[in-house]
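Quick notes on the structure that follows.
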Amino acid sequence: MTTVTQRAALRDALGLLKDREQIAERLLESSAKHSFDPDKELDWQAPPVDGKYYWPPELLSLYDTPLWKKMGEEQRIEPVSYTHL
């Protein structure tokens with residue numbers, strides 16, 4: 001009968017699990033510092049600011065399309081109302 005006096009470190013194909021957990025923790029902390037959380041960082045109750053985009057224009061679906069080029073700046077900035085849909 002064989003007894004184990006020392007517990008072997010937990011390993012898998014990528015190495016020690018403890019090391020990976022520490023690295024994952026460090027990466028998650030770094031990501032949290034450099035990420036944008038709209039639930040925490042935006043005042044959702046604040047009224048819109050006239051003349052300002054709600055989102056960067058480059059990220060809007062119509063950006064740089066023929067329709068976009070025909071629209072005036074005021075139309076580009078105006079939010080779309082989906083209440084009629």
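Every chain in the structure tokens has a letter given in the order shown (A, B, ...), and although residue numbers restart at 1 in each chain, ligands are simply numbered from 1 in the order shown.
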
I'd like the neighbourhood of segment 46-63 of chain A as a PyMOL selection string, where a residue qualifies if any of its atoms comes within 10 Å (using only C-alpha atoms), though same-chain residues fewer than 3 positions away should be ignored. chain A and resi 42-43+66-69+73-74+76-79

Separation of atom CA of Ile23 of chain A and atom CA of Ser35 of chain A, in Å?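 Result for atom CA of Ile23 of chain A versus atom CA of Ser35 of chain A: 18.0 Å, one decimal.
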